[in-house]
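The file target.txt comes next; it holds compact mmCIF, C-alpha atoms.
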```txt
# COMPACT_ATOMS: atom_id res chain seq x y z
CA MET A 1 2.08 -9.80 30.23
CA SER A 2 3.33 -12.40 27.90
CA GLU A 3 6.07 -14.76 28.91
CA TYR A 4 7.53 -15.19 25.45
CA VAL A 5 6.80 -11.89 23.75
CA ALA A 6 8.78 -8.88 24.97
CA ASP A 7 7.58 -5.29 24.66
CA LEU A 8 9.56 -3.34 22.10
CA THR A 9 9.95 0.44 22.05
CA ASP A 10 11.19 2.96 19.49
CA ASP A 11 14.34 3.39 21.61
CA LYS A 12 15.22 -0.26 21.45
CA TRP A 13 14.41 -0.69 17.75
CA GLU A 14 17.96 -0.19 16.49
CA ASN A 15 19.48 -2.77 18.84
CA GLU A 16 16.74 -5.35 19.00
CA VAL A 17 15.63 -5.33 15.35
CA LEU A 18 18.16 -3.71 13.02
CA GLN A 19 21.30 -5.03 14.68
CA ALA A 20 19.85 -8.41 15.54
CA LYS A 21 21.01 -11.59 13.82
CA GLY A 22 18.42 -14.09 12.63
CA PRO A 23 14.64 -13.77 12.46
CA VAL A 24 12.82 -11.17 14.53
CA LEU A 25 9.02 -10.94 14.42
CA VAL A 26 7.37 -7.66 15.44
CA ASP A 27 3.63 -7.47 16.19
CA PHE A 28 2.35 -3.88 15.81
CA TRP A 29 -0.73 -3.46 18.00
CA ALA A 30 -2.82 -1.09 20.11
CA ALA A 31 -5.21 -1.52 22.99
CA TRP A 32 -8.16 -0.14 20.99
CA CYS A 33 -7.73 -2.68 18.21
CA GLY A 34 -9.97 -5.71 18.84
CA PRO A 35 -8.39 -7.95 16.21
CA CYS A 36 -4.93 -7.17 17.66
CA ARG A 37 -6.02 -8.33 21.09
CA ASN A 38 -7.54 -11.39 19.49
CA LEU A 39 -4.29 -12.22 17.75
CA ALA A 40 -2.09 -11.70 20.83
CA PRO A 41 -2.47 -15.20 22.36
CA THR A 42 -1.59 -16.75 18.99
CA VAL A 43 1.53 -14.60 18.67
CA ASP A 44 2.42 -15.70 22.20
CA SER A 45 2.10 -19.39 21.35
CA VAL A 46 4.11 -18.91 18.15
CA ALA A 47 6.82 -17.21 20.23
CA GLU A 48 6.89 -20.17 22.59
CA LYS A 49 7.16 -22.59 19.67
CA TYR A 50 10.15 -20.73 18.17
CA GLN A 51 11.97 -20.09 21.42
CA GLY A 52 15.70 -19.95 20.70
CA LYS A 53 15.09 -19.80 16.92
CA ALA A 54 13.27 -16.52 16.43
CA ARG A 55 12.70 -13.55 18.69
CA VAL A 56 9.20 -12.16 18.95
CA TYR A 57 8.28 -8.64 20.06
CA LYS A 58 5.18 -6.55 20.25
CA LEU A 59 5.18 -2.82 19.73
CA ASN A 60 2.39 -0.56 20.93
CA VAL A 61 1.81 1.92 18.10
CA ASP A 62 0.29 4.56 20.39
CA GLU A 63 3.29 4.68 22.69
CA ASN A 64 5.83 4.23 19.90
CA PRO A 65 4.85 6.24 16.82
CA LEU A 66 8.28 6.40 15.14
CA SER A 67 8.81 2.81 14.06
CA PRO A 68 5.29 2.33 12.63
CA ALA A 69 5.67 5.57 10.65
CA LYS A 70 9.07 4.52 9.33
CA TYR A 71 7.70 1.21 8.11
CA GLY A 72 4.51 2.68 6.64
CA ILE A 73 2.18 0.83 9.00
CA ARG A 74 -1.34 1.96 7.99
CA GLY A 75 -3.37 -0.74 9.64
CA ILE A 76 -3.08 -3.12 12.54
CA PRO A 77 -2.54 -5.83 13.44
CA THR A 78 0.52 -5.91 11.19
CA LEU A 79 3.28 -8.43 11.69
CA ILE A 80 6.68 -7.82 10.12
CA LEU A 81 9.39 -10.44 10.04
CA PHE A 82 12.94 -9.14 9.90
CA LYS A 83 16.00 -11.19 9.14
CA ASP A 84 19.40 -9.74 9.96
CA GLY A 85 17.73 -6.33 10.22
CA GLN A 86 15.95 -6.47 6.84
CA GLU A 87 12.21 -6.77 6.36
CA VAL A 88 11.48 -10.10 4.69
CA GLU A 89 7.77 -10.76 5.33
CA ARG A 90 4.71 -8.71 6.19
CA GLN A 91 1.23 -9.83 7.23
CA VAL A 92 -1.60 -7.30 7.57
CA GLY A 93 -4.74 -8.27 9.46
CA VAL A 94 -5.74 -11.53 11.06
CA PRO A 95 -5.24 -14.43 8.64
CA GLN A 96 -7.24 -17.65 8.59
CA ASN A 97 -5.65 -20.25 10.80
CA PRO A 98 -3.35 -17.61 12.32
CA HIS A 99 -0.98 -19.97 14.14
CA GLN A 100 -0.11 -21.84 10.98
CA ALA A 101 0.06 -18.67 8.88
CA ILE A 102 2.51 -16.94 11.23
CA SER A 103 4.57 -20.10 11.67
CA SER A 104 4.96 -20.47 7.93
CA LEU A 105 6.22 -16.86 7.66
CA ILE A 106 8.99 -17.73 10.10
CA ASP A 107 9.73 -21.19 8.72
CA GLN A 108 10.78 -19.72 5.38
CA HIS A 109 13.54 -17.74 7.08
CA LEU A 110 14.99 -20.02 9.73
CA MET B 1 -15.17 -41.67 20.34
CA ALA B 2 -12.90 -38.68 20.55
CA ASN B 3 -13.75 -37.30 17.13
CA GLN B 4 -17.53 -37.77 17.41
CA TYR B 5 -19.85 -35.00 18.48
CA ASP B 6 -23.57 -34.52 18.88
CA VAL B 7 -23.27 -31.21 17.10
CA VAL B 8 -20.53 -29.41 15.21
CA ILE B 9 -21.02 -25.66 14.82
CA ILE B 10 -19.06 -24.16 11.96
CA GLY B 11 -18.24 -20.56 12.80
CA GLY B 12 -17.45 -18.99 16.19
CA GLY B 13 -19.15 -15.63 15.79
CA PRO B 14 -22.09 -14.50 17.91
CA THR B 15 -24.46 -16.89 16.10
CA GLY B 16 -22.29 -19.97 16.52
CA LEU B 17 -21.36 -19.17 20.12
CA ALA B 18 -25.00 -18.51 21.04
CA ALA B 19 -25.88 -21.90 19.60
CA ALA B 20 -23.03 -23.45 21.62
CA VAL B 21 -24.30 -21.94 24.88
CA TYR B 22 -27.63 -23.65 24.28
CA THR B 23 -26.37 -27.01 23.01
CA GLY B 24 -23.88 -27.05 25.88
CA ARG B 25 -26.62 -26.44 28.40
CA SER B 26 -28.58 -29.26 26.79
CA LEU B 27 -25.58 -31.50 27.50
CA LEU B 28 -24.94 -32.13 23.85
CA LYS B 29 -21.32 -32.80 23.05
CA THR B 30 -20.49 -29.64 21.12
CA LEU B 31 -17.58 -28.59 18.91
CA VAL B 32 -17.25 -25.05 17.56
CA LEU B 33 -14.85 -24.49 14.67
CA GLU B 34 -13.52 -20.94 14.34
CA GLN B 35 -11.00 -20.48 11.56
CA SER B 36 -9.76 -17.07 12.64
CA MET B 37 -11.19 -14.87 15.41
CA PRO B 38 -13.82 -15.84 17.98
CA GLY B 39 -16.56 -13.26 17.53
CA GLY B 40 -15.85 -12.89 13.82
CA GLN B 41 -16.83 -9.58 12.25
CA ILE B 42 -18.16 -8.13 15.52
CA VAL B 43 -14.58 -7.91 16.82
CA LEU B 44 -14.03 -5.10 14.33
CA SER B 45 -16.69 -3.00 16.03
CA ALA B 46 -15.32 -0.28 18.32
CA ALA B 47 -18.54 -0.02 20.29
CA ILE B 48 -21.74 -2.02 20.10
CA ASP B 49 -24.48 0.41 21.07
CA ASN B 50 -27.58 -1.42 19.88
CA TYR B 51 -27.43 -4.74 21.69
CA PRO B 52 -30.30 -4.58 24.16
CA GLY B 53 -29.21 -4.78 27.78
CA PHE B 54 -25.81 -3.15 27.33
CA ALA B 55 -26.85 0.39 28.24
CA ASP B 56 -23.33 1.81 28.08
CA GLY B 57 -22.30 -0.11 24.98
CA ILE B 58 -19.48 -2.63 24.83
CA SER B 59 -16.49 -3.09 22.53
CA GLY B 60 -16.73 -5.84 19.94
CA TYR B 61 -13.67 -7.52 21.39
CA ASP B 62 -14.96 -7.58 24.95
CA PHE B 63 -18.34 -8.80 23.76
CA ALA B 64 -16.76 -11.63 21.78
CA GLN B 65 -14.51 -12.70 24.63
CA SER B 66 -17.42 -12.81 27.04
CA PHE B 67 -19.46 -14.78 24.53
CA LEU B 68 -16.61 -17.25 24.08
CA LYS B 69 -16.31 -17.78 27.84
CA HIS B 70 -20.05 -18.27 28.08
CA ALA B 71 -20.00 -21.04 25.48
CA GLN B 72 -17.01 -22.71 27.12
CA ARG B 73 -18.60 -22.49 30.56
CA PHE B 74 -21.29 -24.94 29.46
CA GLY B 75 -18.84 -27.39 27.98
CA ALA B 76 -18.51 -26.46 24.32
CA GLU B 77 -15.11 -27.22 22.84
CA VAL B 78 -14.01 -24.23 20.74
CA ARG B 79 -11.14 -24.79 18.32
CA ILE B 80 -9.68 -21.45 17.35
CA GLY B 81 -7.64 -21.40 14.16
CA THR B 82 -9.31 -24.50 12.78
CA GLY B 83 -11.87 -24.15 10.03
CA ALA B 84 -14.02 -26.65 8.16
CA THR B 85 -12.90 -27.67 4.68
CA SER B 86 -15.76 -30.03 3.78
CA VAL B 87 -19.15 -31.19 5.00
CA VAL B 88 -20.45 -34.54 3.76
CA ARG B 89 -23.70 -36.23 4.73
CA ASN B 90 -23.16 -39.94 5.37
CA ASP B 91 -25.58 -42.78 4.60
CA ASP B 92 -26.44 -43.19 8.28
CA GLY B 93 -27.53 -39.54 8.54
CA THR B 94 -24.40 -38.31 10.32
CA PHE B 95 -22.00 -35.75 8.88
CA THR B 96 -18.28 -35.92 8.30
CA VAL B 97 -16.65 -32.52 8.67
CA GLY B 98 -13.16 -32.12 7.23
CA LEU B 99 -10.86 -29.82 9.19
CA SER B 100 -8.23 -27.35 8.03
CA ASP B 101 -5.63 -29.13 10.18
CA GLY B 102 -6.11 -32.27 8.08
CA GLY B 103 -8.32 -34.12 10.57
CA GLU B 104 -12.00 -34.87 10.47
CA VAL B 105 -14.85 -35.18 12.92
CA ILE B 106 -18.22 -36.92 12.85
CA ALA B 107 -21.35 -35.02 13.87
CA ARG B 108 -24.95 -36.10 14.45
CA ALA B 109 -26.01 -32.59 13.49
CA VAL B 110 -24.28 -29.53 12.03
CA ILE B 111 -25.06 -25.85 12.44
CA LEU B 112 -23.71 -23.65 9.67
CA ALA B 113 -22.77 -20.25 11.12
CA MET B 114 -19.89 -19.15 8.90
CA GLY B 115 -21.18 -15.63 8.51
CA ARG B 116 -20.02 -13.36 5.72
CA HIS B 117 -17.07 -11.22 4.74
CA PRO B 118 -16.82 -7.68 3.36
CA ARG B 119 -17.20 -7.27 -0.39
CA LYS B 120 -14.11 -5.94 -2.12
CA LEU B 121 -14.04 -3.08 -4.59
CA ASP B 122 -13.08 -4.56 -7.92
CA ILE B 123 -11.03 -1.59 -9.09
CA PRO B 124 -7.35 -0.82 -9.73
CA GLY B 125 -5.40 -0.13 -6.55
CA TYR B 126 -7.64 -1.97 -4.10
CA ASP B 127 -5.57 -5.10 -3.65
CA ARG B 128 -2.22 -3.44 -4.20
CA LEU B 129 -2.81 -0.77 -1.52
CA PHE B 130 -4.76 -2.93 0.95
CA GLY B 131 -3.16 -2.33 4.35
CA SER B 132 -1.45 0.78 2.97
CA GLY B 133 -4.49 3.01 3.20
CA VAL B 134 -7.20 0.72 1.84
CA SER B 135 -9.12 -0.69 4.79
CA VAL B 136 -12.32 -2.44 5.80
CA CYS B 137 -11.91 -1.63 9.51
CA ALA B 138 -12.11 1.93 10.80
CA THR B 139 -11.52 0.79 14.37
CA CYS B 140 -8.29 -0.93 13.41
CA ASP B 141 -6.86 1.60 11.04
CA GLY B 142 -8.58 4.95 11.60
CA ALA B 143 -6.04 6.25 14.09
CA PHE B 144 -3.28 6.12 11.48
CA PHE B 145 -5.00 8.90 9.59
CA ARG B 146 -5.07 11.84 11.98
CA ASN B 147 -5.70 15.27 10.47
CA VAL B 148 -5.66 14.05 6.88
CA PRO B 149 -8.54 13.66 4.39
CA VAL B 150 -9.97 10.17 3.98
CA ALA B 151 -12.74 8.59 1.90
CA VAL B 152 -15.53 6.25 2.91
CA VAL B 153 -17.34 4.14 0.31
CA GLY B 154 -20.85 2.80 0.88
CA GLY B 155 -24.17 3.92 2.33
CA GLY B 156 -25.47 1.26 4.70
CA ASN B 157 -25.17 0.90 8.47
CA SER B 158 -21.54 -0.19 8.34
CA ALA B 159 -20.43 2.69 6.14
CA VAL B 160 -22.21 5.32 8.19
CA GLU B 161 -21.20 3.89 11.58
CA GLU B 162 -17.57 3.43 10.65
CA GLY B 163 -17.48 6.76 8.87
CA PHE B 164 -18.71 8.45 12.02
CA PHE B 165 -15.97 6.73 14.00
CA LEU B 166 -13.43 8.22 11.59
CA THR B 167 -14.53 11.77 12.43
CA ARG B 168 -12.42 11.37 15.58
CA TYR B 169 -9.25 11.37 13.50
CA ALA B 170 -9.59 12.55 9.92
CA SER B 171 -9.59 16.20 8.88
CA GLU B 172 -12.37 15.58 6.38
CA ILE B 173 -14.34 12.62 5.16
CA ARG B 174 -15.54 12.30 1.57
CA SER B 175 -18.40 9.85 1.84
CA ILE B 176 -19.02 8.28 -1.54
CA HIS B 177 -22.27 6.51 -2.28
CA ARG B 178 -23.85 5.38 -5.54
CA ARG B 179 -27.30 6.59 -4.49
CA ASP B 180 -28.51 10.05 -3.41
CA HIS B 181 -29.16 9.05 0.20
CA PHE B 182 -27.83 6.67 2.82
CA THR B 183 -29.80 3.56 3.76
CA ALA B 184 -28.51 3.27 7.34
CA GLN B 185 -30.61 3.72 10.49
CA LYS B 186 -31.87 7.27 10.83
CA ILE B 187 -30.10 8.02 14.10
CA LEU B 188 -26.81 7.00 12.54
CA ILE B 189 -27.34 9.12 9.44
CA GLU B 190 -28.23 12.21 11.48
CA GLU B 191 -25.17 11.85 13.65
CA TYR B 192 -22.95 11.31 10.62
CA LEU B 193 -24.20 14.06 8.32
CA GLY B 194 -24.38 16.43 11.29
CA ASN B 195 -20.62 16.27 11.65
CA PRO B 196 -18.95 19.15 9.79
CA LYS B 197 -16.07 16.93 8.66
CA VAL B 198 -18.40 14.77 6.59
CA GLN B 199 -19.00 15.66 2.93
CA PRO B 200 -21.30 13.28 1.09
CA VAL B 201 -20.54 12.61 -2.57
CA TRP B 202 -23.83 11.28 -3.93
CA ASN B 203 -24.55 9.23 -7.07
CA SER B 204 -20.90 8.37 -7.41
CA VAL B 205 -18.60 5.38 -7.58
CA VAL B 206 -14.85 4.98 -7.09
CA GLU B 207 -13.05 4.01 -10.29
CA GLU B 208 -9.49 3.84 -9.06
CA ILE B 209 -7.42 4.12 -5.91
CA TYR B 210 -3.99 5.51 -6.64
CA GLY B 211 -0.70 6.12 -4.91
CA GLU B 212 2.75 4.62 -5.22
CA LYS B 213 3.33 2.96 -1.87
CA GLU B 214 0.41 4.42 0.03
CA VAL B 215 -3.00 5.74 -0.90
CA GLU B 216 -2.76 9.31 -2.19
CA GLY B 217 -6.16 9.76 -3.79
CA ILE B 218 -9.13 8.32 -5.60
CA ARG B 219 -10.84 8.87 -8.92
CA VAL B 220 -14.58 9.23 -8.51
CA ARG B 221 -17.17 9.11 -11.29
CA ASN B 222 -20.56 10.75 -11.01
CA LEU B 223 -23.13 8.30 -12.36
CA GLN B 224 -25.49 11.05 -13.53
CA SER B 225 -23.07 13.38 -15.32
CA GLY B 226 -20.61 10.62 -16.23
CA GLU B 227 -17.77 12.92 -15.27
CA SER B 228 -14.79 11.84 -13.19
CA GLU B 229 -12.78 13.85 -10.71
CA ASP B 230 -9.77 13.20 -8.49
CA LEU B 231 -10.13 13.56 -4.73
CA GLU B 232 -7.27 13.66 -2.27
CA ALA B 233 -7.52 10.90 0.32
CA LYS B 234 -4.85 9.22 2.42
CA ALA B 235 -7.11 6.29 3.14
CA VAL B 236 -10.16 4.61 1.64
CA PHE B 237 -12.50 2.75 3.96
CA VAL B 238 -14.74 0.40 2.02
CA PHE B 239 -18.13 -0.82 3.29
CA ILE B 240 -20.12 -1.88 0.24
CA GLY B 241 -21.85 -4.97 1.45
CA TRP B 242 -21.12 -8.56 2.21
CA ILE B 243 -20.47 -11.93 0.66
CA PRO B 244 -21.84 -14.97 2.49
CA ASN B 245 -19.25 -17.62 3.37
CA SER B 246 -21.32 -20.37 1.82
CA ALA B 247 -18.84 -21.93 -0.63
CA LEU B 248 -18.32 -24.84 1.76
CA VAL B 249 -21.92 -26.01 1.40
CA LYS B 250 -22.91 -24.79 -2.06
CA ASP B 251 -23.57 -28.33 -3.27
CA LEU B 252 -25.29 -29.44 -0.07
CA VAL B 253 -27.97 -26.83 0.62
CA ARG B 254 -30.10 -24.38 -1.34
CA LEU B 255 -28.70 -20.87 -1.80
CA ASP B 256 -30.36 -17.72 -3.08
CA ASP B 257 -28.94 -15.75 -6.02
CA GLN B 258 -26.59 -13.90 -3.66
CA GLY B 259 -25.18 -17.12 -2.25
CA ARG B 260 -27.05 -16.95 1.04
CA VAL B 261 -28.29 -20.17 2.62
CA LEU B 262 -32.08 -20.58 2.58
CA VAL B 263 -33.56 -21.63 5.92
CA ASN B 264 -37.05 -21.76 7.42
CA GLU B 265 -38.09 -20.31 10.77
CA LEU B 266 -36.63 -23.32 12.57
CA MET B 267 -33.27 -22.73 10.86
CA GLU B 268 -33.69 -25.95 8.89
CA THR B 269 -31.92 -26.10 5.54
CA GLY B 270 -34.02 -28.95 4.20
CA VAL B 271 -31.23 -31.46 4.78
CA PRO B 272 -32.12 -33.44 7.93
CA GLY B 273 -29.69 -32.61 10.74
CA LEU B 274 -28.20 -29.63 8.92
CA TYR B 275 -29.08 -26.12 10.11
CA GLY B 276 -28.10 -22.64 9.01
CA ALA B 277 -28.14 -19.49 11.13
CA GLY B 278 -27.12 -15.86 11.19
CA ASP B 279 -25.40 -13.70 8.60
CA LEU B 280 -24.75 -16.69 6.31
CA CYS B 281 -28.47 -17.06 5.65
CA VAL B 282 -31.30 -15.08 4.12
CA ARG B 283 -32.59 -13.01 7.03
CA PRO B 284 -35.04 -10.10 7.24
CA ILE B 285 -32.41 -7.96 8.99
CA TYR B 286 -28.75 -8.42 9.89
CA GLN B 287 -28.45 -7.17 13.42
CA LEU B 288 -26.49 -8.67 16.29
CA ALA B 289 -29.58 -9.41 18.39
CA ASN B 290 -31.38 -11.37 15.70
CA VAL B 291 -28.40 -13.39 14.50
CA VAL B 292 -27.83 -14.36 18.13
CA ALA B 293 -31.47 -15.44 18.29
CA ASP B 294 -30.87 -17.51 15.14
CA GLY B 295 -28.15 -19.40 16.94
CA VAL B 296 -30.47 -20.11 19.85
CA GLN B 297 -33.21 -21.36 17.51
CA ALA B 298 -30.79 -23.57 15.62
CA ALA B 299 -29.57 -25.10 18.88
CA VAL B 300 -33.10 -25.88 20.06
CA SER B 301 -33.95 -27.36 16.66
CA VAL B 302 -30.86 -29.57 16.85
CA GLU B 303 -31.83 -30.76 20.29
CA LYS B 304 -35.32 -31.71 19.11
CA TYR B 305 -33.95 -33.38 16.01
CA LEU B 306 -31.53 -35.53 17.99
CA GLU B 307 -34.27 -36.51 20.44
CA SER B 308 -36.74 -37.42 17.72
CA SER B 309 -34.21 -39.26 15.61
CA GLY B 310 -33.50 -41.39 18.68
CA GLN B 311 -29.80 -41.28 18.08
CA SER B 312 -27.78 -41.99 21.18
CA ARG B 313 -25.71 -39.16 22.53
CA HIS B 314 -21.99 -39.22 22.74
```

Take the structure I supplied and represent it as structure tokens, if you would.
Amino acid sequence: MSEYVADLTDDKWENEVLQAKGPVLVDFWAAWCGPCRNLAPTVDSVAEKYQGKARVYKLNVDENPLSPAKYGIRGIPTLILFKDGQEVERQVGVPQNPHQAISSLIDQHL
Amino acid sequence: MANQYDVVIIGGGPTGLAAAVYTGRSLLKTLVLEQSMPGGQIVLSAAIDNYPGFADGISGYDFAQSFLKHAQRFGAEVRIGTGATSVVRNDDGTFTVGLSDGGEVIARAVILAMGRHPRKLDIPGYDRLFGSGVSVCATCDGAFFRNVPVAVVGGGNSAVEEGFFLTRYASEIRSIHRRDHFTAQKILIEEYLGNPKVQPVWNSVVEEIYGEKEVEGIRVRNLQSGESEDLEAKAVFVFIGWIPNSALVKDLVRLDDQGRVLVNELMETGVPGLYGAGDLCVRPIYQLANVVADGVQAAVSVEKYLESSGQSRH
């Protein structure tokens, strides 16, 4: 379990994402997705870096089918950055230099 | 010196990590640069069933993680998320490798193991709908397409293997190939075509992927009749070959007409101290076991080179 990245569920989506103020990053993943598992430690370190500035969640798409369907997730890993409940950035797949790429998504919306 | 290494290995896939196991065990100060995922393309594989010794198969992710640990166990430093931006041969025979984080390192020898990336379809809709139904990874994305028709493009091992994986989820698979037969391994083809969900569409190419926000279908042209037809598909999985990641060294080493690095049986590029290995290079076959062997050969060649050149170790 990650120290800085909380598990998100469909039930909590409304409160934790849509009603939240400021930037919220959601990492859509599944256990069978190798690249997702590869990306997880990077998402964790990004979450640590932005502690107090941005909240970071991961959402298991197998256990929580509603939110991925609503946002048209058709491939994972997908990261979506929300600000004040609105989607502002989306990253599909594992980018080059993932730590920097994810950080720069957040930096634009702090 | 902190930024000086006996060997810098560019690429942390199976080839680069195999090389690192060997250079580490030879007590060479080793740096592996991996710009994205340790394991590289193999991480996308749901199950590796043809790597000798793994009788029950192993997932690409687990394989890559174990490989990474193995390299680290013998002392290799692996920088994940840092790629190489330049390789320059210095007058004293060493190499300066520029890093994506703005730094640079000096290496007595360099092993190029950057691998290759999937070729894109250069047609309308591909880029626009990538991640919204267009995919190059059945393992990652297949489960989003349960009980709907999908298309697979290509006819080699990747297309047939990944297509077979998709039979778990999709209602039907239109398998589009420009020839009239697949070129994959026979056991894979039998398994694939034996599945009732799979419908091959021979002698055909995809002209367009359409859909507003998500893939809704494709337009396919038969190369013999010249006629086009629309097929319903909620996803298009594309496996039409590879492009070597050789841009970094195109002015430093010899490439073939496909951009692959030319090496001899010792993995030498012709530039003293500079070696190429694995998917990046011209190889007789592109299988996990032989690109791993390439890494081992490159490592042993580096060790001999450093001994014979009499350069002191770091």

All residues 12 Å or closer to Cys137 of chain B, all atoms listed in the file, same chain fewer than 6 positions away omitted, as a PDB file with C-alpha atoms, in the coordinates of the input:
```
ATOM      1  CA  CYS A  33      -7.730  -2.680  18.210  1.00  0.00           C
ATOM      2  CA  GLY A  34      -9.970  -5.710  18.840  1.00  0.00           C
ATOM      3  CA  PRO A  35      -8.390  -7.950  16.210  1.00  0.00           C
ATOM      4  CA  ARG A  74      -1.340   1.960   7.990  1.00  0.00           C
ATOM      5  CA  GLY A  75      -3.370  -0.740   9.640  1.00  0.00           C
ATOM      6  CA  ILE A  76      -3.080  -3.120  12.540  1.00  0.00           C
ATOM      7  CA  PRO A  77      -2.540  -5.830  13.440  1.00  0.00           C
ATOM      8  CA  VAL A  92      -1.600  -7.300   7.570  1.00  0.00           C
ATOM      9  CA  GLY A  93      -4.740  -8.270   9.460  1.00  0.00           C
ATOM     10  CA  VAL A  94      -5.740 -11.530  11.060  1.00  0.00           C
TER      11      VAL A  94
ATOM     12  CA  GLN B  41     -16.830  -9.580  12.250  1.00  0.00           C
ATOM     13  CA  ILE B  42     -18.160  -8.130  15.520  1.00  0.00           C
ATOM     14  CA  VAL B  43     -14.580  -7.910  16.820  1.00  0.00           C
ATOM     15  CA  LEU B  44     -14.030  -5.100  14.330  1.00  0.00           C
ATOM     16  CA  SER B  45     -16.690  -3.000  16.030  1.00  0.00           C
ATOM     17  CA  ALA B  46     -15.320  -0.280  18.320  1.00  0.00           C
ATOM     18  CA  HIS B 117     -17.070 -11.220   4.740  1.00  0.00           C
ATOM     19  CA  PRO B 118     -16.820  -7.680   3.360  1.00  0.00           C
ATOM     20  CA  PHE B 130      -4.760  -2.930   0.950  1.00  0.00           C
ATOM     21  CA  GLY B 131      -3.160  -2.330   4.350  1.00  0.00           C
ATOM     22  CA  ALA B 143      -6.040   6.250  14.090  1.00  0.00           C
ATOM     23  CA  PHE B 144      -3.280   6.120  11.480  1.00  0.00           C
ATOM     24  CA  VAL B 152     -15.530   6.250   2.910  1.00  0.00           C
ATOM     25  CA  SER B 158     -21.540  -0.190   8.340  1.00  0.00           C
ATOM     26  CA  ALA B 159     -20.430   2.690   6.140  1.00  0.00           C
ATOM     27  CA  GLU B 161     -21.200   3.890  11.580  1.00  0.00           C
ATOM     28  CA  GLU B 162     -17.570   3.430  10.650  1.00  0.00           C
ATOM     29  CA  GLY B 163     -17.480   6.760   8.870  1.00  0.00           C
ATOM     30  CA  PHE B 165     -15.970   6.730  14.000  1.00  0.00           C
ATOM     31  CA  LEU B 166     -13.430   8.220  11.590  1.00  0.00           C
ATOM     32  CA  ALA B 235      -7.110   6.290   3.140  1.00  0.00           C
ATOM     33  CA  VAL B 236     -10.160   4.610   1.640  1.00  0.00           C
ATOM     34  CA  PHE B 237     -12.500   2.750   3.960  1.00  0.00           C
ATOM     35  CA  VAL B 238     -14.740   0.400   2.020  1.00  0.00           C
ATOM     36  CA  PHE B 239     -18.130  -0.820   3.290  1.00  0.00           C
TER      37      PHE B 239
END
```

Please indicate the distance in Å from atom CA of Ala71 of chain B to atom CA of Ala20 of chain B, rounded to one decimal place.
5.5 Å

May I have the protein, DNA and RNA residues with an atom at most 10 Å from (-31.6, -5.8, 20.5), counting all atoms listed in the file in the file's coordinates, returned as a ChimeraX atom specification?
/B:49-54,287-290,292-293

Next, write the just-selected residues to a file, as an mmCIF file, in the frame of the given file, keeping C-alpha atoms as the atom set.
```
data_model
loop_
_atom_site.group_PDB
_atom_site.id
_atom_site.type_symbol
_atom_site.label_atom_id
_atom_site.label_comp_id
_atom_site.auth_asym_id
_atom_site.auth_seq_id
_atom_site.Cartn_x
_atom_site.Cartn_y
_atom_site.Cartn_z
ATOM 1 C CA ASP B 49 -24.480 0.410 21.070
ATOM 2 C CA ASN B 50 -27.580 -1.420 19.880
ATOM 3 C CA TYR B 51 -27.430 -4.740 21.690
ATOM 4 C CA PRO B 52 -30.300 -4.580 24.160
ATOM 5 C CA GLY B 53 -29.210 -4.780 27.780
ATOM 6 C CA PHE B 54 -25.810 -3.150 27.330
ATOM 7 C CA GLN B 287 -28.450 -7.170 13.420
ATOM 8 C CA LEU B 288 -26.490 -8.670 16.290
ATOM 9 C CA ALA B 289 -29.580 -9.410 18.390
ATOM 10 C CA ASN B 290 -31.380 -11.370 15.700
ATOM 11 C CA VAL B 292 -27.830 -14.360 18.130
ATOM 12 C CA ALA B 293 -31.470 -15.440 18.290
#
```

Step by step: start from the point (6.7, -14.4, 11.0) in the file's coordinates, keep every protein, DNA or RNA residue that has an atom no farther than 8 Å from it, count only C-alpha atoms, and write the set as a compact mmCIF listing (two decimals) with C-alpha atoms, in the frame of the given file.
```txt
# COMPACT_ATOMS: atom_id res chain seq x y z
CA VAL A 24 12.82 -11.17 14.53
CA LEU A 25 9.02 -10.94 14.42
CA LEU A 79 3.28 -8.43 11.69
CA ILE A 80 6.68 -7.82 10.12
CA LEU A 81 9.39 -10.44 10.04
CA GLU A 89 7.77 -10.76 5.33
CA ARG A 90 4.71 -8.71 6.19
CA ILE A 102 2.51 -16.94 11.23
CA SER A 103 4.57 -20.10 11.67
CA SER A 104 4.96 -20.47 7.93
CA LEU A 105 6.22 -16.86 7.66
CA ILE A 106 8.99 -17.73 10.10
CA ASP A 107 9.73 -21.19 8.72
```

Among B:Leu306, B:Gly226, B:Ala299, B:Pro244, Thr23 of chain B is approached most closely, using only C-alpha atoms, by B:Ala299

Counting only C-alpha atoms, collect the residues of chain B whose closest atom lies at most 6 Å from chain A, and write them out as number ranges by chain.
B: 35-36, 43, 61, 81-82, 131-133, 140-141, 144

Contact residues around Tyr57 of chain A with only C-alpha atoms at 8 Å, ignoring same-chain residues under 3 positions, as a list of chain:residue names
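Answer for this query is A:Val5, A:Ala6, A:Asp7, A:Leu8, A:Val24, A:Leu25, A:Val26, A:Asp27.
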
What's around Leu66 of chain A at 12 Å? Count all atoms listed in the file, leave out sequence neighbours fewer than 6 positions away in its own chain, and write the answer as a VMD selection string.
chain A and resid 9 to 14 28 59 to 60 72 to 73

Go through B:Val261, B:Ala233, B:Ala138, B:Asp251 and flag the residue nearest Arg89 of chain B, using all atoms listed in the file for the distances.
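That would be B:Asp251, the residue with the smallest distance to Arg89 of chain B.
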
Atomic separation - atom CA of Asp62 of chain B relative to atom CA of Gly13 of chain B, Å:
12.9 Å

Shell of 7 Å around Ile240 of chain B, all atoms listed in the file, local chain residues under 6 positions omitted, as number ranges by chain:
B: 119, 153-154

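For Phe82 of chain A, the non-local neighbours within 6 Å, defined as residues at least 5 positions apart in the same chain or in other chains and counting only C-alpha atoms, are Pro23, Val24, Glu87 and Val88 of chain A.
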